[in-house]
Number of protein chains: 2
Amino acid sequence: MCVGINGENGEKRKKSGRRATIKEVAARVGVSAATVSNAYNRPDQLSVELRERVFAAAKELGYAGPDPVARGLRRGRAGAVGVVYADPLSYAFADPAAVMFLEGVSQAAEEAGLGLLLVPAPLREGRNPRTVAEAAVDGFVIYCLAEDDPLVDLALERRVPLVLVEQPPREGAPSVETDDVEGARAAAEHLLGLGHERLGVVSFELGRDASGELADLERQREATYRPSRLRLDGYRAAVKEAGLSWEDVPVYEATENTPEQGRTAAEVLLTLERRPTAILALSDQLALGVFEAARKLGLSIPEDLSVVGFDDVPEASRTDPPLTTVFQPHVEKGLVAGRMLVAQLGGEEPRSLALLPTRLVVRGSTASPASDR
Amino acid sequence: MCVGINGENGEKRKKSGRRATIKEVAARVGVSAATVSNAYNRPDQLSVELRERVFAAAKELGYAGPDPVARGLRRGRAGAVGVVYADPLSYAFADPAAVMFLEGVSQAAEEAGLGLLLVPAPLREGRNPRTVAEAAVDGFVIYCLAEDDPLVDLALERRVPLVLVEQPPREGAPSVETDDVEGARAAAEHLLGLGHERLGVVSFELGRDASGELADLERQREATYRPSRLRLDGYRAAVKEAGLSWEDVPVYEATENTPEQGRTAAEVLLTLERRPTAILALSDQLALGVFEAARKLGLSIPEDLSVVGFDDVPEASRTDPPLTTVFQPHVEKGLVAGRMLVAQLGGEEPRSLALLPTRLVVRGSTASPASDR
DNA sequence: ACGATTTTCTGAATCGATTAAGTAATGATA
DNA sequence: TATCATTACTTAATCGATTCAGAAAATCGT
């Protein structure tokens, strides 16, 4: 099964024997270490002939170029940006929206020749709380943490450039936000415009201690996850403008942003005595769960129940019927966040806020309520 | 909009003024640098009282603990593992299967107190080919590269521990593989057992130069993406055992592993004169596209067309009808790969291969062909 | 052919920490 | 009281590179 490599220069190239250093290469060629360094970093500083001898010697010794860590120390840069996200990864990136965001950051990092380090936030007890302090990075993109998460302060304490995503800006740490309020308002207005008067909301976590039950007004107001609060704000504004009472709109707070939780939430909402004719979900992931619940309860979408999501992930256009949802530019958000960080690394004064637009995408999951037709 | 932090110790704590070093802290307290280092790394080496004075001074100076890069150099470890994947991220991680894999690696890294660095493989021209050489990591997990990708050799040249995923083992670089052959065989046998005699296959890339057309036997044999080759091998074995001719089974090679490409592929297969009654997709992502194509062509699943996927991603159980597919333990695969790498970092002799099982999951997207009923 | 450039390479300081080995003080033991 | 451990810290070497200020050699202009 094992396909061996036949040992071109298998001399002393052991399994993973100590790696050669710049000094050894220098000695082999008979030049100074500075020259070897120049061979890699400033080719114009030496003759082509010598440069080639250096590379030849490097190859012989199995030297694969300057050690990134040592170079990082000397240059004063780690060569990577960190993305801090709510651990575990499966929660954080189970949502395609998050993956798209990461794609944007990754692209920005690559543009700048930087690596991308994943830094899980130690949400639970017993996990290493020092990940942020010990990550070898030049700056952080902080993604989707609660506003009161101590990690933000920890990151700030490292005196390293920061970009906050979906959080209010802080001194020296600019933010990238989405126009959640408008997006949510448009979603709710759409439903209200279709004639729905009994709405229900499926929210993901409002705070770090989400419990999986209906959230009262108090709880809604105190939401520390900014997207939750802003989206609820948008819904509420539309409901009030339509002359309806927001107090009558049940808001179920799920414990995670997954279809499973969306389903649980929808099952609760749809068995309320005053059953909603339309459900607003704070994310497409949750909306997918609403579809499942509806199917299970024998409600057809959009005839018996209208559903609006949020995010416009690829799957939203593949559901049956396709999901009406609120688009936001996820990749661009990551790109902007990444570039704002890179700009700071370059010494630029950070602007304080980038606000990205949202847009309602009407598909097949919404229609006028049955009684209207 | 900007919420300022009111300057507790705003003294000389400038925007992101040069960070303090261990020396400055030492000077402030009036001890040696070694003592400060010990305060952080070996608390038993100094009195609690002094340790607290050190931390107090650190706080005053805004010293957030030892610089990870310097520490990494001194300790001879970068403190991170790299995951090399086929760039761009959106391709690599658009598939939930890949995200789950990453989740596993991340978990293994965290167990070992290591960070996780994303290292995009420079597939296209004009991208930095040195990412692998310049990444500050202690080892690599190489995910889903073609067997002939030069990057594997580049990584090997760095003389750091490696784990290959879905690739044949090499000397000193163990592999983690899935039992693709058996999984694929089971999938094909399932269809054949249902009475299907006209099969079609939707494959993702066979080699790095995928073109988006039917792949002849030659092309199939030469496949350098191992999962593609093994899965085709499994299908073929089952077809031959059933006494059918593999040459008659059209294999469409998509250019990427996305639903869009799956749809394109299926449109081609389903308009062939000898139209397949069942389609085997090499991934669930592709299978999703087959669903779309079928819907567009007015074929209903499973009555007019049976579909089997591969991977068993969460969405597979949410499609209508739910997708019959081949399960494989993605998270575990990542976990195993990560742990194998960590074991090597700890000086253990790597075992050469871990083979993970697959399992057919029969859902609603497969049935006997219409003529049989 | 001579000073002025340019090219090519070297010496040595430095980045910010860790750690083995050593010293001084204190306490315990015989 | 002399001896042996401990405790609490310091000294100094080291990790592997980069970079600036020269030095030596080669090239140039006139």
# chains A, B, ... in the order shown; residues from 1 in each chain; ligands from 1
>>> interface_residues(of="chain D", to="chain A", cutoff="12 Å", atoms="only C-alpha atoms (C1' of nucleotides)", output="list in words")
DC15, DG16, DA17, DT18, DT19 and DC20 of chain D
>>> interface_residues(of="chain A", to="chain C", cutoff="7 Å", atoms="only C-alpha atoms (C1' of nucleotides)", output="PyMOL selection string")
chain A and resi 32+35+45-46+73-74+76
>>> calpha_fit_and_write(fixed="chain B", moving="chain A", output="compact mmCIF listing (two decimals) with C-alpha atoms, in the first residue's frame")
# COMPACT_ATOMS: atom_id res chain seq x y z
CA MET A 1 -22.16 55.81 16.57
CA CYS A 2 -18.76 55.33 18.05
CA VAL A 3 -18.93 54.16 21.60
CA GLY A 4 -15.69 55.23 23.20
CA ILE A 5 -14.04 53.28 25.92
CA ASN A 6 -13.40 55.56 28.81
CA GLY A 7 -9.75 55.39 29.40
CA GLU A 8 -9.01 53.26 32.38
CA ASN A 9 -5.24 53.66 32.39
CA GLY A 10 -5.35 55.68 29.24
CA GLU A 11 -1.98 57.17 30.21
CA LYS A 12 0.35 56.37 27.39
CA ARG A 13 -1.71 53.55 26.00
CA LYS A 14 -1.80 54.87 22.50
CA LYS A 15 -3.91 53.60 19.64
CA SER A 16 -1.64 50.72 18.97
CA GLY A 17 1.61 52.14 20.20
CA ARG A 18 4.53 49.74 20.22
CA ARG A 19 3.78 46.82 22.42
CA ALA A 20 5.74 46.40 25.62
CA THR A 21 8.30 43.64 25.93
CA ILE A 22 9.23 41.29 28.68
CA LYS A 23 12.29 43.40 29.36
CA GLU A 24 10.33 46.53 30.04
CA VAL A 25 8.09 44.69 32.41
CA ALA A 26 11.14 43.26 34.14
CA ALA A 27 12.68 46.70 34.47
CA ARG A 28 9.46 48.10 35.87
CA VAL A 29 9.28 45.45 38.55
CA GLY A 30 13.01 45.49 39.14
CA VAL A 31 13.63 41.84 38.35
CA SER A 32 15.24 39.95 35.52
CA ALA A 33 13.49 39.04 32.31
CA ALA A 34 13.78 35.40 33.26
CA THR A 35 11.58 36.03 36.23
CA VAL A 36 8.88 37.66 34.17
CA SER A 37 9.01 34.74 31.80
CA ASN A 38 8.65 32.40 34.74
CA ALA A 39 5.68 34.36 36.01
CA TYR A 40 3.87 33.39 32.84
CA ASN A 41 5.26 29.95 32.21
CA ARG A 42 6.31 28.43 35.52
CA PRO A 43 4.44 30.00 38.38
CA ASP A 44 6.07 27.63 40.85
CA GLN A 45 9.41 29.29 40.22
CA LEU A 46 8.60 32.47 42.07
CA SER A 47 6.66 33.70 45.06
CA VAL A 48 3.00 34.47 44.59
CA GLU A 49 3.61 37.96 45.79
CA LEU A 50 6.22 38.70 43.16
CA ARG A 51 4.14 37.05 40.50
CA GLU A 52 1.35 39.40 41.24
CA ARG A 53 3.63 42.39 41.10
CA VAL A 54 4.76 41.21 37.70
CA PHE A 55 1.21 40.96 36.43
CA ALA A 56 0.39 44.35 37.86
CA ALA A 57 3.33 45.91 36.07
CA ALA A 58 2.37 44.09 32.90
CA LYS A 59 -1.10 45.50 33.08
CA GLU A 60 0.23 49.01 33.64
CA LEU A 61 2.45 48.75 30.61
CA GLY A 62 -0.19 47.06 28.52
CA TYR A 63 1.86 43.91 28.19
CA ALA A 64 -0.46 41.10 27.19
CA GLY A 65 1.90 38.22 27.78
CA PRO A 66 4.83 36.74 25.89
CA ASP A 67 4.92 37.40 22.19
CA PRO A 68 3.78 34.22 20.46
CA VAL A 69 6.21 34.57 17.61
CA ALA A 70 9.25 35.02 19.81
CA ARG A 71 8.13 32.20 22.01
CA GLY A 72 7.66 30.07 18.95
CA LEU A 73 11.17 30.71 17.77
CA ARG A 74 12.71 29.97 21.11
CA ARG A 75 10.68 26.86 21.66
CA GLY A 76 11.16 25.64 18.16
CA ARG A 77 7.48 25.31 17.43
CA ALA A 78 5.19 27.56 15.53
CA GLY A 79 2.19 26.57 17.58
CA ALA A 80 -0.07 25.86 14.67
CA VAL A 81 -0.94 23.25 12.12
CA GLY A 82 -1.64 24.11 8.54
CA VAL A 83 -4.49 22.78 6.47
CA VAL A 84 -3.66 22.85 2.80
CA TYR A 85 -6.71 22.83 0.58
CA ALA A 86 -7.55 23.52 -3.00
CA ASP A 87 -8.15 27.21 -3.24
CA PRO A 88 -10.39 29.13 -3.34
CA LEU A 89 -12.02 28.64 -0.02
CA SER A 90 -15.47 28.96 -1.48
CA TYR A 91 -14.89 25.88 -3.58
CA ALA A 92 -13.12 24.02 -0.85
CA PHE A 93 -15.55 24.72 1.92
CA ALA A 94 -18.74 25.33 0.02
CA ASP A 95 -19.24 21.65 0.56
CA PRO A 96 -20.42 21.05 4.11
CA ALA A 97 -18.43 17.83 4.03
CA ALA A 98 -15.25 19.87 3.89
CA VAL A 99 -16.38 22.09 6.73
CA MET A 100 -17.06 19.07 8.85
CA PHE A 101 -13.62 17.76 8.09
CA LEU A 102 -12.15 21.07 9.13
CA GLU A 103 -14.12 20.91 12.32
CA GLY A 104 -12.41 17.64 13.14
CA VAL A 105 -8.95 18.98 12.45
CA SER A 106 -9.73 22.05 14.47
CA GLN A 107 -10.76 19.92 17.39
CA ALA A 108 -7.56 17.90 17.25
CA ALA A 109 -5.52 21.08 17.04
CA GLU A 110 -7.27 22.50 20.03
CA GLU A 111 -6.71 19.37 22.06
CA ALA A 112 -3.04 19.88 21.45
CA GLY A 113 -3.12 23.61 22.15
CA LEU A 114 -2.31 24.44 18.58
CA GLY A 115 -3.75 26.96 16.20
CA LEU A 116 -5.14 26.18 12.79
CA LEU A 117 -3.78 27.97 9.78
CA LEU A 118 -5.61 27.89 6.48
CA VAL A 119 -3.19 27.46 3.62
CA PRO A 120 -4.74 27.90 0.20
CA ALA A 121 -3.06 25.93 -2.54
CA PRO A 122 -2.11 28.27 -5.36
CA LEU A 123 -4.07 26.54 -8.08
CA ARG A 124 -4.19 29.33 -10.51
CA GLU A 125 -1.41 31.28 -12.11
CA GLY A 126 -0.37 34.47 -10.50
CA ARG A 127 -1.01 33.41 -6.97
CA ASN A 128 1.76 33.19 -4.44
CA PRO A 129 3.26 29.74 -4.82
CA ARG A 130 5.15 30.04 -1.58
CA THR A 131 2.24 29.88 0.82
CA VAL A 132 3.28 26.41 1.85
CA ALA A 133 6.90 27.36 2.28
CA GLU A 134 6.15 30.49 4.23
CA ALA A 135 3.40 29.31 6.53
CA ALA A 136 4.36 29.41 10.18
CA VAL A 137 3.23 25.92 11.09
CA ASP A 138 4.59 22.78 12.70
CA GLY A 139 2.99 20.44 10.23
CA PHE A 140 0.43 20.09 7.50
CA VAL A 141 -2.78 18.29 6.86
CA ILE A 142 -3.08 18.03 3.11
CA TYR A 143 -6.68 17.89 2.09
CA CYS A 144 -7.99 16.78 -1.24
CA LEU A 145 -5.18 17.64 -3.56
CA ALA A 146 -4.55 15.69 -6.72
CA GLU A 147 -1.98 12.96 -6.36
CA ASP A 148 0.33 14.71 -8.74
CA ASP A 149 0.03 18.13 -7.17
CA PRO A 150 3.54 19.59 -6.80
CA LEU A 151 2.45 21.14 -3.54
CA VAL A 152 2.70 17.81 -1.83
CA ASP A 153 6.39 17.67 -2.66
CA LEU A 154 6.85 21.25 -1.57
CA ALA A 155 5.32 20.42 1.76
CA LEU A 156 7.48 17.33 2.05
CA GLU A 157 10.54 19.44 1.37
CA ARG A 158 9.85 21.52 4.40
CA ARG A 159 10.71 18.48 6.46
CA VAL A 160 7.73 19.02 8.59
CA PRO A 161 5.29 16.29 9.63
CA LEU A 162 2.49 15.73 7.19
CA VAL A 163 -0.76 13.89 6.98
CA LEU A 164 -2.27 13.22 3.60
CA VAL A 165 -6.01 12.98 3.26
CA GLU A 166 -7.51 11.01 0.41
CA GLN A 167 -4.13 10.31 -1.06
CA PRO A 168 -1.89 7.26 -1.08
CA PRO A 169 0.61 7.25 1.78
CA ARG A 170 4.16 8.31 1.11
CA GLU A 171 7.29 7.62 3.04
CA GLY A 172 7.04 9.49 6.29
CA ALA A 173 3.64 10.92 5.44
CA PRO A 174 0.75 8.77 6.53
CA SER A 175 -2.68 8.93 5.02
CA VAL A 176 -6.25 9.10 6.14
CA GLU A 177 -8.65 7.61 3.67
CA THR A 178 -12.27 6.69 3.41
CA ASP A 179 -13.41 3.36 2.15
CA ASP A 180 -14.73 4.97 -0.99
CA VAL A 181 -14.66 1.81 -3.04
CA GLU A 182 -17.00 -0.05 -0.73
CA GLY A 183 -19.29 2.91 -0.31
CA ALA A 184 -19.58 3.41 -4.02
CA ARG A 185 -20.04 -0.28 -4.61
CA ALA A 186 -22.87 -0.38 -2.10
CA ALA A 187 -24.52 2.60 -3.77
CA ALA A 188 -24.39 1.01 -7.20
CA GLU A 189 -25.46 -2.39 -5.89
CA HIS A 190 -28.45 -0.75 -4.30
CA LEU A 191 -29.57 0.67 -7.63
CA LEU A 192 -28.85 -2.50 -9.52
CA GLY A 193 -30.72 -4.45 -6.90
CA LEU A 194 -33.75 -2.23 -7.50
CA GLY A 195 -33.65 -3.29 -11.11
CA HIS A 196 -31.97 -0.35 -12.76
CA GLU A 197 -30.01 -1.25 -15.85
CA ARG A 198 -29.30 2.15 -17.29
CA LEU A 199 -27.08 4.09 -14.94
CA GLY A 200 -25.40 7.42 -15.30
CA VAL A 201 -22.60 8.90 -13.21
CA VAL A 202 -21.99 12.50 -12.27
CA SER A 203 -18.39 12.88 -11.19
CA PHE A 204 -16.52 15.86 -9.90
CA GLU A 205 -13.00 16.52 -11.15
CA LEU A 206 -10.98 13.48 -12.14
CA GLY A 207 -7.79 15.46 -12.62
CA ARG A 208 -6.71 19.03 -12.21
CA ASP A 209 -7.69 19.82 -15.77
CA ALA A 210 -11.36 18.90 -15.60
CA SER A 211 -13.18 20.02 -18.69
CA GLY A 212 -16.89 19.42 -18.15
CA GLU A 213 -17.75 16.63 -20.52
CA LEU A 214 -18.23 12.91 -20.69
CA ALA A 215 -15.11 11.10 -19.55
CA ASP A 216 -13.94 8.07 -21.46
CA LEU A 217 -12.39 5.01 -19.85
CA GLU A 218 -8.90 6.33 -20.40
CA ARG A 219 -9.68 9.51 -18.57
CA GLN A 220 -11.31 7.57 -15.77
CA ARG A 221 -8.29 5.37 -15.35
CA GLU A 222 -5.94 8.29 -15.19
CA ALA A 223 -7.89 10.14 -12.53
CA THR A 224 -5.51 11.85 -10.13
CA TYR A 225 -8.11 12.86 -7.59
CA ARG A 226 -8.21 9.78 -5.51
CA PRO A 227 -11.81 9.96 -4.30
CA SER A 228 -12.98 10.21 -7.89
CA ARG A 229 -11.03 7.20 -8.97
CA LEU A 230 -11.96 5.05 -6.02
CA ARG A 231 -15.64 5.84 -6.23
CA LEU A 232 -15.69 5.08 -9.92
CA ASP A 233 -13.87 1.85 -9.13
CA GLY A 234 -16.60 0.92 -6.71
CA TYR A 235 -19.39 1.66 -9.14
CA ARG A 236 -17.63 -0.26 -11.86
CA ALA A 237 -17.09 -3.31 -9.69
CA ALA A 238 -20.78 -3.47 -8.87
CA VAL A 239 -21.82 -2.95 -12.47
CA LYS A 240 -19.54 -5.70 -13.66
CA GLU A 241 -20.67 -8.07 -10.96
CA ALA A 242 -24.24 -7.48 -12.07
CA GLY A 243 -23.21 -8.64 -15.50
CA LEU A 244 -23.63 -5.26 -17.11
CA SER A 245 -21.13 -3.41 -19.19
CA TRP A 246 -19.35 -0.46 -17.59
CA GLU A 247 -18.55 0.94 -20.99
CA ASP A 248 -22.22 1.67 -21.40
CA VAL A 249 -22.39 3.80 -18.30
CA PRO A 250 -21.88 7.44 -19.18
CA VAL A 251 -19.64 9.33 -16.74
CA TYR A 252 -19.86 13.08 -16.86
CA GLU A 253 -16.92 14.94 -15.34
CA ALA A 254 -17.98 18.20 -13.76
CA THR A 255 -15.48 21.01 -13.33
CA GLU A 256 -16.29 21.70 -9.72
CA ASN A 257 -18.08 20.08 -6.89
CA THR A 258 -21.16 22.30 -6.84
CA PRO A 259 -24.90 21.86 -7.33
CA GLU A 260 -24.71 24.08 -10.40
CA GLN A 261 -22.25 21.74 -12.04
CA GLY A 262 -24.29 18.76 -10.94
CA ARG A 263 -27.23 20.23 -12.71
CA THR A 264 -25.32 20.82 -15.90
CA ALA A 265 -24.02 17.30 -15.78
CA ALA A 266 -27.43 15.80 -15.19
CA GLU A 267 -28.91 17.79 -18.03
CA VAL A 268 -26.40 16.20 -20.34
CA LEU A 269 -26.95 12.70 -19.01
CA LEU A 270 -30.73 12.95 -19.02
CA THR A 271 -30.90 14.02 -22.62
CA LEU A 272 -28.77 11.15 -23.84
CA GLU A 273 -30.67 8.91 -26.24
CA ARG A 274 -30.33 6.01 -23.85
CA ARG A 275 -31.52 7.96 -20.84
CA PRO A 276 -30.40 6.64 -17.47
CA THR A 277 -33.09 5.60 -15.02
CA ALA A 278 -30.73 6.20 -12.14
CA ILE A 279 -27.87 8.55 -11.45
CA LEU A 280 -24.92 8.04 -9.18
CA ALA A 281 -23.41 11.30 -8.02
CA LEU A 282 -19.93 11.40 -6.52
CA SER A 283 -21.08 13.89 -3.93
CA ASP A 284 -24.26 15.20 -2.40
CA GLN A 285 -23.49 18.64 -3.74
CA LEU A 286 -23.64 17.24 -7.25
CA ALA A 287 -26.72 15.21 -6.40
CA LEU A 288 -28.51 18.41 -5.40
CA GLY A 289 -27.91 19.66 -8.88
CA VAL A 290 -29.29 16.44 -10.29
CA PHE A 291 -32.50 17.13 -8.37
CA GLU A 292 -32.72 20.53 -9.98
CA ALA A 293 -32.16 19.18 -13.44
CA ALA A 294 -34.79 16.51 -12.93
CA ARG A 295 -37.28 19.08 -11.75
CA LYS A 296 -36.57 21.24 -14.73
CA LEU A 297 -36.99 18.32 -17.11
CA GLY A 298 -40.23 17.32 -15.44
CA LEU A 299 -38.86 14.04 -14.14
CA SER A 300 -39.98 13.12 -10.69
CA ILE A 301 -37.72 11.45 -8.18
CA PRO A 302 -37.76 8.55 -7.52
CA GLU A 303 -40.55 7.57 -9.91
CA ASP A 304 -38.81 8.61 -13.11
CA LEU A 305 -35.28 8.85 -11.83
CA SER A 306 -33.40 7.44 -8.88
CA VAL A 307 -30.52 9.43 -7.42
CA VAL A 308 -27.77 8.42 -5.03
CA GLY A 309 -25.31 10.87 -3.58
CA PHE A 310 -22.14 10.53 -1.59
CA ASP A 311 -21.13 12.11 1.76
CA ASP A 312 -24.39 12.34 3.67
CA VAL A 313 -24.23 16.04 4.38
CA PRO A 314 -27.00 17.50 6.54
CA GLU A 315 -28.87 18.87 3.57
CA ALA A 316 -29.23 15.35 2.16
CA SER A 317 -31.91 14.58 4.70
CA ARG A 318 -33.78 17.78 3.93
CA THR A 319 -34.25 17.40 0.20
CA ASP A 320 -37.57 16.36 -1.23
CA PRO A 321 -37.50 13.42 -1.38
CA PRO A 322 -34.65 12.87 1.08
CA LEU A 323 -31.48 11.80 -0.65
CA THR A 324 -30.20 8.26 -0.58
CA THR A 325 -26.49 8.60 -0.12
CA VAL A 326 -23.28 7.14 1.27
CA PHE A 327 -22.36 8.23 4.73
CA GLN A 328 -18.80 8.82 5.74
CA PRO A 329 -17.56 10.21 9.05
CA HIS A 330 -16.28 13.60 7.99
CA VAL A 331 -15.67 15.10 11.39
CA GLU A 332 -13.95 11.95 12.52
CA LYS A 333 -11.80 11.98 9.44
CA GLY A 334 -10.58 15.44 10.33
CA LEU A 335 -10.10 14.44 13.90
CA VAL A 336 -8.07 11.39 12.98
CA ALA A 337 -5.96 13.35 10.52
CA GLY A 338 -5.35 16.06 13.08
CA ARG A 339 -4.44 13.59 15.77
CA MET A 340 -2.10 11.71 13.50
CA LEU A 341 -0.33 14.97 12.85
CA VAL A 342 -0.20 15.86 16.50
CA ALA A 343 1.19 12.42 17.28
CA GLN A 344 4.00 13.00 14.84
CA LEU A 345 4.72 16.38 16.36
CA GLY A 346 5.09 14.56 19.63
CA GLY A 347 7.75 12.41 18.07
CA GLU A 348 5.67 9.34 17.55
CA GLU A 349 6.35 7.12 14.62
CA PRO A 350 3.42 7.63 12.28
CA ARG A 351 1.29 4.68 11.33
CA SER A 352 0.90 4.63 7.62
CA LEU A 353 -2.82 4.56 7.08
CA ALA A 354 -6.16 5.09 8.68
CA LEU A 355 -9.11 3.81 6.71
CA LEU A 356 -12.54 5.07 7.68
CA PRO A 357 -15.73 3.20 6.89
CA THR A 358 -18.60 4.24 4.67
CA ARG A 359 -22.21 3.19 4.89
CA LEU A 360 -25.11 3.36 2.50
CA VAL A 361 -28.05 5.39 3.82
CA VAL A 362 -31.21 4.57 1.92
CA ARG A 363 -33.76 7.37 1.84
CA GLY A 364 -36.44 8.39 -0.56
CA SER A 365 -34.60 9.27 -3.74
CA THR A 366 -34.27 5.71 -4.97
CA ALA A 367 -36.87 3.22 -6.16
CA SER A 368 -37.33 0.57 -8.79
CA PRO A 369 -37.49 1.90 -12.33
CA ALA A 370 -40.95 2.70 -13.67
CA SER A 371 -41.04 -0.18 -16.12
CA ASP A 372 -40.66 -2.64 -13.25
CA ARG A 373 -43.71 -1.48 -11.45
>>> select_by_dssp(residues="stretch 117-268 of chain B", states="alpha helix (DSSP H)", output="number ranges by chain")
B: 131-134, 150-157, 180-193, 217-221, 226-241, 259-268
>>> select_by_dssp(residues="stretch 52-246 of chain A", states="strand (DSSP E or B)", output="PyMOL selection string")
chain A and resi 80-86+115-121+139-143+162-165+170+173+175-178+199-203+213-214
>>> write_last_selection(atoms="C-alpha atoms", output="compact mmCIF listing (two decimals), in the first residue's frame")
# COMPACT_ATOMS: atom_id res chain seq x y z
CA ALA A 80 -1.19 35.97 9.66
CA VAL A 81 -4.52 37.37 10.66
CA GLY A 82 -6.73 35.66 13.17
CA VAL A 83 -10.43 35.10 12.82
CA VAL A 84 -12.09 34.78 16.19
CA TYR A 85 -15.39 32.97 16.07
CA ALA A 86 -17.77 31.35 18.46
CA GLY A 115 -2.10 33.55 6.43
CA LEU A 116 -5.43 32.97 8.11
CA LEU A 117 -5.52 31.53 11.58
CA LEU A 118 -8.73 30.16 13.02
CA VAL A 119 -9.10 31.17 16.64
CA PRO A 120 -11.96 29.46 18.43
CA ALA A 121 -13.47 31.48 21.24
CA GLY A 139 -4.48 41.32 14.03
CA PHE A 140 -7.93 39.93 14.54
CA VAL A 141 -11.22 39.85 12.78
CA ILE A 142 -13.81 39.28 15.47
CA TYR A 143 -16.79 37.52 14.06
CA LEU A 162 -8.87 44.62 15.27
CA VAL A 163 -11.95 44.63 13.14
CA LEU A 164 -15.27 43.90 14.75
CA VAL A 165 -17.99 42.28 12.71
CA ARG A 170 -14.98 50.75 19.72
CA ALA A 173 -11.47 49.01 16.50
CA SER A 175 -16.71 47.66 12.65
CA VAL A 176 -18.24 46.03 9.65
CA GLU A 177 -21.98 45.74 9.86
CA THR A 178 -24.88 44.78 7.71
CA LEU A 199 -46.70 36.80 12.55
CA GLY A 200 -44.26 34.65 14.43
CA VAL A 201 -40.51 35.06 14.75
CA VAL A 202 -37.84 32.41 15.02
CA SER A 203 -34.71 33.97 16.42
CA GLU A 213 -38.16 29.40 24.70
CA LEU A 214 -40.33 32.36 23.90
